[in-house]
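J.: Got a structure here, written out as structure tokens. Questions coming.
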Amino acid sequence: MENATLSRALNASVLVLNRYYVAVHIITVRRAFILLYRDLAEVVQIENGHYGTYDFESWLALSEMRVQTRETAEDWVRAVSFEIEVPRILRLTEYDRLPRQTLRFNRRNLFARDNHSCQYCGRTFPTHQLSIDHVVPRSRGGETSWENAVCSCLNCNTKKGGRTPQEAHMHLLKHPARPTHNPMLAMKLSNPKYASWRTFLPNANWAIEMR
């Protein structure tokens with residue numbers, strides 16, 4: 001149970017800012033602690049509308065003061081001789097690049113856009129039971145793009161085969177389109193523990209990638 005809790009904490013997400021406090025991408029807690037320990041980044045903590053920044057040593061000291069009053073919504077990592085709170089926001093001290101302006105097309109983002117639901121039968125499935133279906137089949141010149149790909153369960157994908165939905169007498173629940181926001185990021189923001197991210201995520205930055 002303890003190992004599962006640790007794994008869950010280390011694989012949680014951390015929003016990364018460049019040195020100008022612009023959101024650039026999202027990484028795991030495991031990666032965040034490496035950057036923090038190597039003094040390549042600092043924790044950004046928002047409390048009562050004010051920012052505080054912490055290097056590894058000062059964040060550890062703050063964690064030691066907060067450990068007795070920690071909230072269940074927060075994640076903690078236990079080491080041999082100390083416990084440290086998982087940061088939610090990290091600022092890279094020497095990185096000044098800006099985020100991508102377009103959202104990458106891939107399986108993970110497509111499945112998140114469609115809420116892991118088959119766009120033909122409407123049922124929700126785990127990732128390993130889903131596939132990408134080309135509305136206009138590639139054999140007919142259909143492109144692999146946001147506008148021509150949908151999340152499909154294996155059964156519906158097999159049933160449709162190399163036909164269009166009309167030819168297969170199958171109805172699409174909605175017309176596929178390019179998302180305006182990163183769909184996986186939208187899912188993260190629905191979780192209260194990532195509420196602090198909203199301060200650094202105006203709509204223009206919602207295309208940032210999750211690593």
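Here's how to read the names in the structure tokens: chain A, B, ... by the order shown, residue numbers from 1 in each chain, ligand numbers from 1 in the order shown.
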As a list in words, please: the residues near stretch 146-155 of chain A (cut-off 8 Å, only C-alpha atoms, same-chain neighbours under 4 positions excluded).
T.: Phe105, Leu110, Phe111, Asp114, His116, Ser117, Cys118, Gln119, Tyr120, Phe125, Gln129, Leu130, Ser131, Ile132, Asp133, His134, Val135, Val136, Gly142, Lys159, His175, Pro176, Ala177, Arg178 and Pro179 of chain A
J.: Mind checking DSSP for stretch 50-210 of chain A and telling me the alpha helix (DSSP H) residues as a ChimeraX atom specification?
T.: /A:56-66,107-113,154-160,183-189
J.: Could you please write out, as a ChimeraX atom specification, every residue of stretch 14-209 of chain A that DSSP assigns to strand (DSSP E)?
T.: /A:14-17,23-28,41-47,50-54,76-78,83-85,89-92,130-134,149-153,209
J.: Work out how far apart atom CA of A:Val86 and atom CA of A:Ala186 are and give it in Å to one decimal.
T.: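 That distance, rounded to one decimal, is 20.7 Å.
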J.: Counting only C-alpha atoms, which of A:Val44, A:Val22, A:Ile89, A:Ala32 gets nearest to A:Tyr194?
T.: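 Of the candidates, the smallest distance to A:Tyr194 is held by A:Ile89.
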J.: My list of candidates is A:Thr144, A:Asn18, A:Thr158, A:Gln45. Which is closest to A:Thr199 when distances are computed with only C-alpha atoms?
T.: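 Result for the nearest residue to A:Thr199: A:Gln45.
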J.: What does the structure give for the distance between atom CA of A:Leu40 and atom CA of A:Tyr54, in Å to one decimal?
T.: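 Going from atom CA of A:Leu40 over to atom CA of A:Tyr54 covers 11.8 Å.
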J.: I'd like to know which of A:Ile34, A:Thr102, A:Pro137, A:Arg66 is closest to A:Glu85, using only C-alpha atoms.
T.: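 Going through A:Ile34, A:Thr102, A:Pro137, A:Arg66 one by one, the smallest distance to A:Glu85 is for A:Arg66.
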J.: Pick out the closest residue to A:Gln68 from this set: A:Ala12, A:Arg140, A:Glu83, A:Asp55. Count only C-alpha atoms.
T.: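 Closest candidate: A:Glu83.
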J.: Mind pulling up the distance from atom CA of A:Arg30 to atom CA of A:Ser7?
T.: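 These atoms are spaced 9.3 Å apart.
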J.: For each of A:Leu173, A:Cys121, A:Leu185, A:Ile46, take the minimum atom-to-atom distance to A:Asn157, counting only C-alpha atoms, then give the residue where this is smallest.
T.: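 The answer is A:Cys121, which sits nearest to A:Asn157.
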J.: Pick out the residues sitting within 8 Å of A:Lys160, and hand them over as number ranges by chain; count only C-alpha atoms, and ignore anything fewer than 5 positions along from it in its own chain.
T.: A: 165, 168, 170
J.: Let me see the file: selected residues, C-alpha atoms, as a PDB file, in the first residue's frame.
T.:
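Saved to again.pdb:
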ATOM      1  CA  PRO A 165     -19.514   5.551 -41.284  1.00  0.00           C
ATOM      2  CA  ALA A 168     -21.052   0.877 -42.506  1.00  0.00           C
ATOM      3  CA  MET A 170     -22.721   3.637 -38.189  1.00  0.00           C
TER       4      MET A 170
END
